[in-house]
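work-v7.cif (mmCIF, N, CA, C and O atoms) appears below.
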```cif
data_query
loop_
_atom_site.label_atom_id
_atom_site.label_comp_id
_atom_site.auth_asym_id
_atom_site.auth_seq_id
_atom_site.Cartn_x
_atom_site.Cartn_y
_atom_site.Cartn_z
N LYS A 1 27.80 239.12 226.95
CA LYS A 1 26.67 238.60 226.21
C LYS A 1 25.38 238.80 226.99
O LYS A 1 24.36 239.12 226.40
N LEU A 2 25.46 238.61 228.31
CA LEU A 2 24.26 238.75 229.13
C LEU A 2 23.71 240.18 229.05
O LEU A 2 22.50 240.37 228.91
N ILE A 3 24.58 241.16 229.11
CA ILE A 3 24.14 242.56 229.04
C ILE A 3 23.45 242.84 227.70
O ILE A 3 22.41 243.50 227.64
N ILE A 4 24.02 242.30 226.63
CA ILE A 4 23.43 242.50 225.30
C ILE A 4 22.08 241.81 225.21
O ILE A 4 21.11 242.38 224.71
N LEU A 5 22.00 240.57 225.71
CA LEU A 5 20.71 239.84 225.69
C LEU A 5 19.65 240.60 226.48
O LEU A 5 18.49 240.70 226.05
N LYS A 6 20.03 241.12 227.62
CA LYS A 6 19.07 241.89 228.44
C LYS A 6 18.60 243.13 227.69
O LYS A 6 17.41 243.47 227.72
N ALA A 7 19.51 243.80 227.01
CA ALA A 7 19.14 245.01 226.27
C ALA A 7 18.21 244.68 225.11
O ALA A 7 17.21 245.37 224.88
N ILE A 8 18.51 243.61 224.38
CA ILE A 8 17.69 243.24 223.23
C ILE A 8 16.30 242.80 223.66
O ILE A 8 15.30 243.12 223.00
N THR A 9 16.21 242.07 224.77
CA THR A 9 14.92 241.50 225.20
C THR A 9 14.17 242.37 226.19
O THR A 9 13.13 241.95 226.70
N ARG A 10 14.62 243.58 226.42
CA ARG A 10 13.99 244.41 227.46
C ARG A 10 12.51 244.65 227.22
O ARG A 10 11.75 244.85 228.17
N LYS A 11 12.06 244.62 225.97
CA LYS A 11 10.64 244.84 225.68
C LYS A 11 9.92 243.55 225.30
O LYS A 11 8.76 243.58 224.93
N PHE A 12 10.61 242.42 225.40
CA PHE A 12 9.98 241.13 225.14
C PHE A 12 9.14 240.72 226.35
O PHE A 12 9.46 241.09 227.48
N ASN A 13 8.12 239.94 226.10
CA ASN A 13 7.42 239.26 227.19
C ASN A 13 8.09 237.90 227.32
O ASN A 13 7.87 237.01 226.51
N LEU A 14 8.93 237.77 228.33
CA LEU A 14 9.67 236.53 228.54
C LEU A 14 8.94 235.66 229.54
O LEU A 14 8.46 236.14 230.58
N HIS A 15 8.85 234.38 229.23
CA HIS A 15 8.26 233.41 230.15
C HIS A 15 9.12 233.36 231.41
O HIS A 15 10.33 233.65 231.36
N ASP A 16 8.52 232.96 232.51
CA ASP A 16 9.25 232.86 233.78
C ASP A 16 10.42 231.88 233.71
O ASP A 16 11.35 231.97 234.51
N ASP A 17 10.36 230.93 232.75
CA ASP A 17 11.43 229.94 232.66
C ASP A 17 12.67 230.44 231.92
O ASP A 17 13.68 229.74 231.86
N VAL A 18 12.62 231.64 231.37
CA VAL A 18 13.76 232.16 230.61
C VAL A 18 14.87 232.56 231.56
O VAL A 18 14.67 233.34 232.49
N ASN A 19 16.06 232.02 231.31
CA ASN A 19 17.24 232.33 232.09
C ASN A 19 18.29 232.86 231.12
O ASN A 19 18.99 232.09 230.46
N LEU A 20 18.37 234.17 231.00
CA LEU A 20 19.29 234.77 230.04
C LEU A 20 20.74 234.45 230.37
O LEU A 20 21.57 234.31 229.46
N GLN A 21 21.06 234.30 231.64
CA GLN A 21 22.42 233.93 232.04
C GLN A 21 22.77 232.56 231.45
O GLN A 21 23.84 232.38 230.87
N SER A 22 21.86 231.61 231.57
CA SER A 22 22.07 230.27 231.03
C SER A 22 22.21 230.30 229.51
O SER A 22 23.07 229.62 228.93
N ILE A 23 21.37 231.10 228.86
CA ILE A 23 21.43 231.23 227.40
C ILE A 23 22.78 231.80 226.98
O ILE A 23 23.42 231.32 226.05
N ALA A 24 23.23 232.83 227.69
CA ALA A 24 24.54 233.44 227.39
C ALA A 24 25.66 232.42 227.57
O ALA A 24 26.57 232.34 226.75
N GLU A 25 25.59 231.64 228.63
CA GLU A 25 26.64 230.65 228.91
C GLU A 25 26.65 229.52 227.89
O GLU A 25 27.69 228.98 227.57
N GLN A 26 25.47 229.16 227.37
CA GLN A 26 25.38 228.05 226.43
C GLN A 26 25.62 228.47 224.98
O GLN A 26 25.75 227.62 224.10
N SER A 27 25.69 229.75 224.75
CA SER A 27 25.91 230.23 223.38
C SER A 27 27.40 230.16 223.04
O SER A 27 28.25 230.25 223.91
N PRO A 28 27.70 229.98 221.76
CA PRO A 28 29.12 229.95 221.36
C PRO A 28 29.84 231.23 221.78
O PRO A 28 29.24 232.32 221.77
N PRO A 29 31.11 231.13 222.12
CA PRO A 29 31.83 232.31 222.62
C PRO A 29 32.07 233.38 221.55
O PRO A 29 32.34 234.52 221.88
N ASN A 30 31.95 233.01 220.28
CA ASN A 30 32.24 233.96 219.21
C ASN A 30 31.00 234.57 218.59
O ASN A 30 31.04 235.05 217.46
N LEU A 31 29.89 234.63 219.34
CA LEU A 31 28.70 235.31 218.83
C LEU A 31 28.91 236.82 218.90
O LEU A 31 29.39 237.35 219.91
N THR A 32 28.53 237.50 217.85
CA THR A 32 28.60 238.96 217.82
C THR A 32 27.28 239.53 218.35
O THR A 32 26.32 238.80 218.57
N GLY A 33 27.25 240.84 218.51
CA GLY A 33 26.00 241.49 218.90
C GLY A 33 24.89 241.23 217.89
O GLY A 33 23.74 241.01 218.25
N ALA A 34 25.25 241.23 216.61
CA ALA A 34 24.26 240.94 215.56
C ALA A 34 23.77 239.50 215.66
O ALA A 34 22.58 239.23 215.44
N ASP A 35 24.66 238.58 216.01
CA ASP A 35 24.26 237.18 216.19
C ASP A 35 23.28 237.06 217.37
O ASP A 35 22.30 236.31 217.30
N LEU A 36 23.56 237.79 218.43
CA LEU A 36 22.67 237.75 219.60
C LEU A 36 21.30 238.36 219.27
O LEU A 36 20.27 237.87 219.72
N TYR A 37 21.31 239.40 218.45
CA TYR A 37 20.06 240.00 217.99
C TYR A 37 19.27 238.97 217.17
O TYR A 37 18.06 238.81 217.34
N ALA A 38 19.96 238.27 216.28
CA ALA A 38 19.31 237.24 215.46
C ALA A 38 18.76 236.13 216.35
O ALA A 38 17.64 235.64 216.10
N LEU A 39 19.50 235.74 217.36
CA LEU A 39 19.02 234.73 218.31
C LEU A 39 17.70 235.15 218.94
O LEU A 39 16.74 234.38 218.97
N CYS A 40 17.63 236.38 219.42
CA CYS A 40 16.43 236.88 220.08
C CYS A 40 15.26 237.02 219.10
O CYS A 40 14.13 236.63 219.41
N ALA A 41 15.54 237.56 217.93
CA ALA A 41 14.48 237.72 216.92
C ALA A 41 13.94 236.37 216.48
O ALA A 41 12.72 236.19 216.34
N ASP A 42 14.83 235.41 216.28
CA ASP A 42 14.40 234.08 215.87
C ASP A 42 13.65 233.35 216.98
O ASP A 42 12.73 232.57 216.72
N ALA A 43 14.02 233.60 218.24
CA ALA A 43 13.29 233.01 219.36
C ALA A 43 11.87 233.57 219.40
O ALA A 43 10.90 232.82 219.64
N MET A 44 11.73 234.86 219.15
CA MET A 44 10.40 235.45 219.10
C MET A 44 9.59 234.86 217.94
O MET A 44 8.40 234.55 218.09
N LEU A 45 10.24 234.68 216.81
CA LEU A 45 9.58 234.08 215.66
C LEU A 45 9.16 232.64 215.95
O LEU A 45 8.07 232.21 215.56
N ALA A 46 9.99 231.89 216.66
CA ALA A 46 9.64 230.52 217.05
C ALA A 46 8.40 230.53 217.94
O ALA A 46 7.51 229.68 217.79
N SER A 47 8.34 231.48 218.86
CA SER A 47 7.17 231.61 219.73
C SER A 47 5.92 231.93 218.92
O SER A 47 4.84 231.38 219.15
N LEU A 48 6.07 232.82 217.94
CA LEU A 48 4.95 233.19 217.08
C LEU A 48 4.46 231.99 216.27
O LEU A 48 3.26 231.76 216.15
N ARG A 49 5.39 231.21 215.74
CA ARG A 49 5.01 230.02 214.98
C ARG A 49 4.24 229.02 215.84
O ARG A 49 3.28 228.41 215.39
N LYS A 50 4.69 228.86 217.09
CA LYS A 50 3.97 227.96 218.01
C LYS A 50 2.55 228.46 218.24
O LYS A 50 1.60 227.68 218.24
N GLN A 51 2.41 229.76 218.43
CA GLN A 51 1.08 230.34 218.67
C GLN A 51 0.18 230.16 217.45
O GLN A 51 -0.99 229.83 217.59
N ILE A 52 0.72 230.37 216.27
CA ILE A 52 -0.06 230.18 215.04
C ILE A 52 -0.50 228.72 214.92
O ILE A 52 -1.64 228.44 214.56
N HIS A 53 0.40 227.79 215.25
CA HIS A 53 0.06 226.37 215.20
C HIS A 53 -1.08 226.06 216.17
O HIS A 53 -2.01 225.31 215.83
N ILE A 54 -1.02 226.62 217.35
CA ILE A 54 -2.08 226.41 218.34
C ILE A 54 -3.41 226.95 217.82
O ILE A 54 -4.44 226.28 217.90
N LEU A 55 -3.39 228.15 217.27
CA LEU A 55 -4.62 228.74 216.73
C LEU A 55 -5.17 227.90 215.58
O LEU A 55 -6.38 227.66 215.51
N ASP A 56 -4.29 227.45 214.69
CA ASP A 56 -4.73 226.61 213.57
C ASP A 56 -5.38 225.32 214.08
O ASP A 56 -6.41 224.89 213.56
N SER A 57 -4.78 224.72 215.10
CA SER A 57 -5.31 223.46 215.63
C SER A 57 -6.67 223.66 216.31
O SER A 57 -7.45 222.73 216.41
N GLN A 58 -6.94 224.88 216.74
CA GLN A 58 -8.23 225.21 217.36
C GLN A 58 -9.23 225.73 216.35
O GLN A 58 -10.36 226.08 216.70
N GLY A 59 -8.80 225.83 215.09
CA GLY A 59 -9.68 226.33 214.04
C GLY A 59 -9.93 227.82 214.11
O GLY A 59 -10.93 228.32 213.60
N LYS A 60 -9.02 228.55 214.72
CA LYS A 60 -9.16 230.00 214.86
C LYS A 60 -8.18 230.70 213.93
O LYS A 60 -7.14 230.17 213.59
N SER A 61 -8.52 231.92 213.57
CA SER A 61 -7.59 232.72 212.78
C SER A 61 -6.73 233.54 213.72
O SER A 61 -7.09 233.78 214.88
N ASP A 62 -5.59 233.99 213.22
CA ASP A 62 -4.72 234.81 214.07
C ASP A 62 -5.37 236.14 214.42
O ASP A 62 -5.02 236.76 215.42
N ALA A 63 -6.35 236.58 213.63
CA ALA A 63 -7.06 237.82 213.94
C ALA A 63 -7.91 237.68 215.20
O ALA A 63 -8.21 238.67 215.86
N GLU A 64 -8.27 236.44 215.54
CA GLU A 64 -9.08 236.20 216.73
C GLU A 64 -8.27 236.16 218.01
O GLU A 64 -8.81 236.18 219.10
N TRP A 65 -6.97 236.07 217.87
CA TRP A 65 -6.11 235.96 219.04
C TRP A 65 -5.94 237.30 219.72
O TRP A 65 -5.60 238.30 219.10
N LYS A 66 -6.16 237.33 221.01
CA LYS A 66 -6.06 238.58 221.77
C LYS A 66 -4.98 238.50 222.85
O LYS A 66 -4.89 239.35 223.71
N GLY A 67 -4.16 237.47 222.80
CA GLY A 67 -3.15 237.26 223.83
C GLY A 67 -1.89 238.06 223.61
O GLY A 67 -1.78 238.87 222.70
N THR A 68 -0.93 237.80 224.46
CA THR A 68 0.38 238.42 224.39
C THR A 68 1.39 237.35 224.01
O THR A 68 1.36 236.25 224.56
N LEU A 69 2.26 237.65 223.09
CA LEU A 69 3.28 236.69 222.67
C LEU A 69 4.34 236.61 223.76
O LEU A 69 4.93 237.62 224.15
N THR A 70 4.57 235.41 224.25
CA THR A 70 5.54 235.18 225.31
C THR A 70 6.63 234.24 224.80
O THR A 70 6.33 233.17 224.28
N VAL A 71 7.86 234.65 224.94
CA VAL A 71 9.00 233.87 224.47
C VAL A 71 9.52 233.02 225.62
O VAL A 71 9.78 233.53 226.71
N SER A 72 9.67 231.72 225.36
CA SER A 72 10.10 230.79 226.40
C SER A 72 11.57 230.42 226.25
O SER A 72 12.21 230.69 225.22
N HIS A 73 12.08 229.77 227.28
CA HIS A 73 13.46 229.30 227.24
C HIS A 73 13.64 228.29 226.10
O HIS A 73 14.66 228.30 225.41
N ASP A 74 12.64 227.44 225.89
CA ASP A 74 12.70 226.46 224.80
C ASP A 74 12.79 227.14 223.44
O ASP A 74 13.44 226.62 222.53
N ASP A 75 12.12 228.29 223.29
CA ASP A 75 12.21 229.04 222.03
C ASP A 75 13.66 229.45 221.77
O ASP A 75 14.17 229.30 220.66
N PHE A 76 14.32 229.96 222.80
CA PHE A 76 15.72 230.35 222.65
C PHE A 76 16.60 229.14 222.35
O PHE A 76 17.45 229.19 221.47
N MET A 77 16.38 228.05 223.07
CA MET A 77 17.23 226.89 222.91
C MET A 77 17.05 226.24 221.54
O MET A 77 18.03 225.75 220.96
N SER A 78 15.84 226.25 221.02
CA SER A 78 15.61 225.66 219.69
C SER A 78 16.36 226.44 218.62
O SER A 78 16.86 225.87 217.66
N VAL A 79 16.45 227.74 218.80
CA VAL A 79 17.18 228.58 217.85
C VAL A 79 18.69 228.43 218.06
O VAL A 79 19.46 228.33 217.10
N LEU A 80 19.10 228.39 219.30
CA LEU A 80 20.53 228.34 219.63
C LEU A 80 21.21 227.10 219.05
O LEU A 80 22.37 227.16 218.63
N THR A 81 20.49 225.99 218.98
CA THR A 81 21.09 224.76 218.46
C THR A 81 21.46 224.87 216.98
O THR A 81 22.34 224.16 216.52
N ASN A 82 20.79 225.76 216.25
CA ASN A 82 21.06 225.91 214.82
C ASN A 82 21.77 227.21 214.45
O ASN A 82 22.03 227.45 213.28
N LEU A 83 22.05 228.05 215.43
CA LEU A 83 22.65 229.35 215.16
C LEU A 83 24.13 229.20 214.83
O LEU A 83 24.89 228.56 215.57
N LYS A 84 24.52 229.78 213.72
CA LYS A 84 25.92 229.76 213.30
C LYS A 84 26.52 231.15 213.53
O LYS A 84 26.01 232.14 213.02
N PRO A 85 27.60 231.23 214.31
CA PRO A 85 28.25 232.53 214.53
C PRO A 85 28.71 233.14 213.21
O PRO A 85 29.13 232.44 212.30
N SER A 86 28.65 234.44 213.12
CA SER A 86 29.03 235.13 211.89
C SER A 86 30.54 235.32 211.78
O SER A 86 31.04 235.66 210.72
N VAL A 87 31.25 235.12 212.87
CA VAL A 87 32.72 235.18 212.83
C VAL A 87 33.27 233.90 213.46
O VAL A 87 32.67 233.33 214.36
N SER A 88 34.43 233.49 212.97
CA SER A 88 35.07 232.30 213.52
C SER A 88 35.80 232.67 214.81
O SER A 88 36.03 233.85 215.11
N GLN A 89 36.21 231.64 215.55
CA GLN A 89 37.00 231.87 216.76
C GLN A 89 38.30 232.61 216.42
O GLN A 89 38.72 233.50 217.14
N GLU A 90 38.91 232.23 215.30
CA GLU A 90 40.17 232.85 214.88
C GLU A 90 39.96 234.33 214.53
O GLU A 90 40.77 235.18 214.91
N GLU A 91 38.88 234.63 213.82
CA GLU A 91 38.59 236.03 213.48
C GLU A 91 38.35 236.86 214.73
O GLU A 91 38.82 238.00 214.83
N LEU A 92 37.66 236.30 215.69
CA LEU A 92 37.41 237.00 216.94
C LEU A 92 38.72 237.25 217.69
O LEU A 92 38.95 238.35 218.22
N LYS A 93 39.58 236.26 217.70
CA LYS A 93 40.88 236.41 218.35
C LYS A 93 41.70 237.51 217.69
O LYS A 93 42.30 238.35 218.36
N GLN A 94 41.70 237.54 216.35
CA GLN A 94 42.43 238.59 215.62
C GLN A 94 41.86 239.97 215.94
O GLN A 94 42.61 240.93 216.15
N TYR A 95 40.54 240.07 215.99
CA TYR A 95 39.91 241.35 216.31
C TYR A 95 40.31 241.82 217.71
O TYR A 95 40.68 242.98 217.90
N ARG A 96 40.25 240.91 218.67
CA ARG A 96 40.61 241.28 220.04
C ARG A 96 42.07 241.71 220.14
O ARG A 96 42.40 242.64 220.88
N ASN A 97 42.94 241.02 219.41
CA ASN A 97 44.36 241.39 219.41
C ASN A 97 44.55 242.78 218.81
O ASN A 97 45.31 243.59 219.35
N LYS A 98 43.89 243.07 217.72
CA LYS A 98 44.01 244.39 217.09
C LYS A 98 43.43 245.47 217.99
O LYS A 98 44.00 246.54 218.13
N LYS A 99 42.31 245.17 218.61
CA LYS A 99 41.69 246.13 219.52
C LYS A 99 42.64 246.44 220.69
O LYS A 99 42.81 247.59 221.08
N PHE A 100 43.27 245.40 221.22
CA PHE A 100 44.22 245.58 222.31
C PHE A 100 45.40 246.43 221.87
O PHE A 100 45.80 247.35 222.56
N LEU A 101 45.94 246.14 220.69
CA LEU A 101 47.09 246.89 220.18
C LEU A 101 46.75 248.35 219.93
O LEU A 101 47.53 249.23 220.25
N VAL A 102 45.58 248.60 219.37
CA VAL A 102 45.15 249.99 219.11
C VAL A 102 44.97 250.71 220.44
O VAL A 102 45.38 251.85 220.59
N GLY A 103 44.40 250.05 221.42
CA GLY A 103 44.23 250.64 222.74
C GLY A 103 45.54 250.99 223.39
O GLY A 103 45.68 252.00 224.06
N GLU A 104 46.55 250.15 223.19
CA GLU A 104 47.88 250.38 223.78
C GLU A 104 48.58 251.55 223.12
O GLU A 104 49.26 252.33 223.78
N THR A 105 48.44 251.72 221.82
CA THR A 105 49.14 252.79 221.13
C THR A 105 48.49 254.15 221.33
O THR A 105 49.12 255.17 221.15
N SER A 106 47.23 254.14 221.71
CA SER A 106 46.55 255.43 221.88
C SER A 106 46.75 256.02 223.27
O SER A 106 46.30 257.10 223.55
N LYS A 107 47.45 255.30 224.14
CA LYS A 107 47.68 255.79 225.51
C LYS A 107 48.93 256.63 225.59
O LYS A 107 49.85 256.53 224.91
#
```

How would this structure read if it were set down as structure tokens?
Amino acid sequence: KLIILKAITRKFNLHDDVNLQSIAEQSPPNLTGADLYALCADAMLASLRKQIHILDSQGKSDAEWKGTLTVSHDDFMSVLTNLKPSVSQEELKQYRNKKFLVGETSK
């Protein structure tokens, strides 16, 4: 999971508090690559929403903003609490068993 998170976020501006290892460890074990992509995209969206809220509270339009969007650890964690894996633990176990069996027969 950590390798996938690093690959997905390689072009993100991550806050210094982001610990991808911790995020990987706290995520459900049955997250797919697509689920991890959704986690990262939604964390970026959470960061964007926070920035828009800040601009609105200052009476500025988003066109006036010249900053860089930075995704924080809290952005990831807020998304992670509501993220539902796309496969169940049982489905993942079945997939791994089939993958193992196919690997054994092809040798």

Specify as number ranges by chain each residue included when the PyMOL selection byres (((chain A and resi 23 and name CA) around 10) and name CA) is applied to this file. A: 1-2, 5, 18-22, 24-28, 73, 76-77, 80

Can you write just those residues out, N, CA, C and O atoms, as a short mmCIF file (atom, residue, chain, number, x, y, z; two decimals), keeping the file's coordinate frame?
```
data_model
loop_
_atom_site.label_atom_id
_atom_site.label_comp_id
_atom_site.auth_asym_id
_atom_site.auth_seq_id
_atom_site.Cartn_x
_atom_site.Cartn_y
_atom_site.Cartn_z
N LYS A 1 27.80 239.12 226.95
CA LYS A 1 26.67 238.60 226.21
C LYS A 1 25.38 238.80 226.99
O LYS A 1 24.36 239.12 226.40
N LEU A 2 25.46 238.61 228.31
CA LEU A 2 24.26 238.75 229.13
C LEU A 2 23.71 240.18 229.05
O LEU A 2 22.50 240.37 228.91
N LEU A 5 22.00 240.57 225.71
CA LEU A 5 20.71 239.84 225.69
C LEU A 5 19.65 240.60 226.48
O LEU A 5 18.49 240.70 226.05
N VAL A 18 12.62 231.64 231.37
CA VAL A 18 13.76 232.16 230.61
C VAL A 18 14.87 232.56 231.56
O VAL A 18 14.67 233.34 232.49
N ASN A 19 16.06 232.02 231.31
CA ASN A 19 17.24 232.33 232.09
C ASN A 19 18.29 232.86 231.12
O ASN A 19 18.99 232.09 230.46
N LEU A 20 18.37 234.17 231.00
CA LEU A 20 19.29 234.77 230.04
C LEU A 20 20.74 234.45 230.37
O LEU A 20 21.57 234.31 229.46
N GLN A 21 21.06 234.30 231.64
CA GLN A 21 22.42 233.93 232.04
C GLN A 21 22.77 232.56 231.45
O GLN A 21 23.84 232.38 230.87
N SER A 22 21.86 231.61 231.57
CA SER A 22 22.07 230.27 231.03
C SER A 22 22.21 230.30 229.51
O SER A 22 23.07 229.62 228.93
N ALA A 24 23.23 232.83 227.69
CA ALA A 24 24.54 233.44 227.39
C ALA A 24 25.66 232.42 227.57
O ALA A 24 26.57 232.34 226.75
N GLU A 25 25.59 231.64 228.63
CA GLU A 25 26.64 230.65 228.91
C GLU A 25 26.65 229.52 227.89
O GLU A 25 27.69 228.98 227.57
N GLN A 26 25.47 229.16 227.37
CA GLN A 26 25.38 228.05 226.43
C GLN A 26 25.62 228.47 224.98
O GLN A 26 25.75 227.62 224.10
N SER A 27 25.69 229.75 224.75
CA SER A 27 25.91 230.23 223.38
C SER A 27 27.40 230.16 223.04
O SER A 27 28.25 230.25 223.91
N PRO A 28 27.70 229.98 221.76
CA PRO A 28 29.12 229.95 221.36
C PRO A 28 29.84 231.23 221.78
O PRO A 28 29.24 232.32 221.77
N HIS A 73 12.08 229.77 227.28
CA HIS A 73 13.46 229.30 227.24
C HIS A 73 13.64 228.29 226.10
O HIS A 73 14.66 228.30 225.41
N PHE A 76 14.32 229.96 222.80
CA PHE A 76 15.72 230.35 222.65
C PHE A 76 16.60 229.14 222.35
O PHE A 76 17.45 229.19 221.47
N MET A 77 16.38 228.05 223.07
CA MET A 77 17.23 226.89 222.91
C MET A 77 17.05 226.24 221.54
O MET A 77 18.03 225.75 220.96
N LEU A 80 19.10 228.39 219.30
CA LEU A 80 20.53 228.34 219.63
C LEU A 80 21.21 227.10 219.05
O LEU A 80 22.37 227.16 218.63
#
```

Once the PyMOL selection byres (((chain A and resi 14 and name CA) around 7) and name CA) has been applied to the shown file, what residues remain in the selection, as a VMD selection string? chain A and resid 12 to 13 15 to 16 18 70 to 72

Running DSSP on the backbone, which parts of chain A land in alpha helix (DSSP H), as a ChimeraX atom specification? /A:2-8,20-26,33-57,73-80,89-105

Counting all atoms listed in the file, the residue of A:Leu69, A:Ile3, A:Ala63, A:Leu83 that sits nearest Asp35 (chain A):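 The answer is A:Leu83, which sits nearest to Asp35 (chain A).
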
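Here atom C of Asp75 (chain A) stands at a distance of 17.2 Å from atom N of Ile4 (chain A).
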
One-decimal distance in Å that lies between atom C of Asp62 (chain A) and CA of Lys50 (chain A):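 These two atoms are separated by 12.9 Å.
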
How many Å lie between CA of Gly67 (chain A) and CA of Ala7 (chain A), rounded to one decimal? 23.7 Å

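Among the candidates A:Ala34, A:Val79, A:Val87, A:Ile8, the one nearest to Ala46 (chain A) when counting only C-alpha atoms is A:Val79.
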
Would you mind putting back all heavy atoms on region 47-54 of chain A, then writing it out as a PDB file, in the coordinates of the input?
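Output (selection_38.pdb):
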```pdb
ATOM      1  N   SER A  47       8.340 231.480 218.860  1.00  0.00           N
ATOM      2  CA  SER A  47       7.170 231.610 219.730  1.00  0.00           C
ATOM      3  C   SER A  47       5.920 231.930 218.920  1.00  0.00           C
ATOM      4  O   SER A  47       4.840 231.380 219.150  1.00  0.00           O
ATOM      5  CB  SER A  47       7.424 232.689 220.782  1.00  0.00           C
ATOM      6  OG  SER A  47       6.296 232.846 221.605  1.00  0.00           O
ATOM      7  N   LEU A  48       6.070 232.820 217.940  1.00  0.00           N
ATOM      8  CA  LEU A  48       4.950 233.190 217.080  1.00  0.00           C
ATOM      9  C   LEU A  48       4.460 231.990 216.270  1.00  0.00           C
ATOM     10  O   LEU A  48       3.260 231.760 216.150  1.00  0.00           O
ATOM     11  CB  LEU A  48       5.369 234.326 216.152  1.00  0.00           C
ATOM     12  CG  LEU A  48       4.304 234.852 215.196  1.00  0.00           C
ATOM     13  CD1 LEU A  48       3.105 235.394 215.943  1.00  0.00           C
ATOM     14  CD2 LEU A  48       4.908 235.926 214.294  1.00  0.00           C
ATOM     15  N   ARG A  49       5.390 231.210 215.740  1.00  0.00           N
ATOM     16  CA  ARG A  49       5.010 230.020 214.980  1.00  0.00           C
ATOM     17  C   ARG A  49       4.240 229.020 215.840  1.00  0.00           C
ATOM     18  O   ARG A  49       3.280 228.410 215.390  1.00  0.00           O
ATOM     19  CB  ARG A  49       6.255 229.355 214.388  1.00  0.00           C
ATOM     20  CG  ARG A  49       6.812 230.105 213.209  1.00  0.00           C
ATOM     21  CD  ARG A  49       7.977 229.345 212.580  1.00  0.00           C
ATOM     22  NE  ARG A  49       8.481 230.068 211.441  1.00  0.00           N
ATOM     23  CZ  ARG A  49       9.749 230.345 211.221  1.00  0.00           C
ATOM     24  NH1 ARG A  49      10.675 229.938 212.072  1.00  0.00           N
ATOM     25  NH2 ARG A  49      10.117 231.016 210.158  1.00  0.00           N
ATOM     26  N   LYS A  50       4.690 228.860 217.090  1.00  0.00           N
ATOM     27  CA  LYS A  50       3.970 227.960 218.010  1.00  0.00           C
ATOM     28  C   LYS A  50       2.550 228.460 218.240  1.00  0.00           C
ATOM     29  O   LYS A  50       1.600 227.680 218.240  1.00  0.00           O
ATOM     30  CB  LYS A  50       4.696 227.862 219.364  1.00  0.00           C
ATOM     31  CG  LYS A  50       5.881 226.959 219.353  1.00  0.00           C
ATOM     32  CD  LYS A  50       6.397 226.604 220.744  1.00  0.00           C
ATOM     33  CE  LYS A  50       6.556 227.779 221.655  1.00  0.00           C
ATOM     34  NZ  LYS A  50       7.251 227.469 222.916  1.00  0.00           N
ATOM     35  N   GLN A  51       2.410 229.760 218.430  1.00  0.00           N
ATOM     36  CA  GLN A  51       1.080 230.340 218.670  1.00  0.00           C
ATOM     37  C   GLN A  51       0.180 230.160 217.450  1.00  0.00           C
ATOM     38  O   GLN A  51      -0.990 229.830 217.590  1.00  0.00           O
ATOM     39  CB  GLN A  51       1.187 231.811 219.054  1.00  0.00           C
ATOM     40  CG  GLN A  51      -0.126 232.428 219.473  1.00  0.00           C
ATOM     41  CD  GLN A  51      -0.737 231.726 220.679  1.00  0.00           C
ATOM     42  OE1 GLN A  51      -0.056 231.455 221.666  1.00  0.00           O
ATOM     43  NE2 GLN A  51      -2.009 231.427 220.625  1.00  0.00           N
ATOM     44  N   ILE A  52       0.720 230.370 216.270  1.00  0.00           N
ATOM     45  CA  ILE A  52      -0.060 230.180 215.040  1.00  0.00           C
ATOM     46  C   ILE A  52      -0.500 228.720 214.920  1.00  0.00           C
ATOM     47  O   ILE A  52      -1.640 228.440 214.560  1.00  0.00           O
ATOM     48  CB  ILE A  52       0.739 230.635 213.806  1.00  0.00           C
ATOM     49  CG1 ILE A  52       0.868 232.163 213.820  1.00  0.00           C
ATOM     50  CG2 ILE A  52       0.086 230.160 212.510  1.00  0.00           C
ATOM     51  CD1 ILE A  52       1.829 232.722 212.793  1.00  0.00           C
ATOM     52  N   HIS A  53       0.400 227.790 215.250  1.00  0.00           N
ATOM     53  CA  HIS A  53       0.060 226.370 215.200  1.00  0.00           C
ATOM     54  C   HIS A  53      -1.080 226.060 216.170  1.00  0.00           C
ATOM     55  O   HIS A  53      -2.010 225.310 215.830  1.00  0.00           O
ATOM     56  CB  HIS A  53       1.294 225.523 215.508  1.00  0.00           C
ATOM     57  CG  HIS A  53       1.023 224.066 215.542  1.00  0.00           C
ATOM     58  ND1 HIS A  53       0.799 223.338 214.395  1.00  0.00           N
ATOM     59  CD2 HIS A  53       0.913 223.205 216.575  1.00  0.00           C
ATOM     60  CE1 HIS A  53       0.558 222.083 214.723  1.00  0.00           C
ATOM     61  NE2 HIS A  53       0.636 221.980 216.045  1.00  0.00           N
ATOM     62  N   ILE A  54      -1.020 226.620 217.350  1.00  0.00           N
ATOM     63  CA  ILE A  54      -2.080 226.410 218.340  1.00  0.00           C
ATOM     64  C   ILE A  54      -3.410 226.950 217.820  1.00  0.00           C
ATOM     65  O   ILE A  54      -4.440 226.280 217.900  1.00  0.00           O
ATOM     66  CB  ILE A  54      -1.719 227.065 219.696  1.00  0.00           C
ATOM     67  CG1 ILE A  54      -0.556 226.311 220.342  1.00  0.00           C
ATOM     68  CG2 ILE A  54      -2.921 227.124 220.623  1.00  0.00           C
ATOM     69  CD1 ILE A  54       0.074 227.032 221.526  1.00  0.00           C
TER      70      ILE A  54
END
```
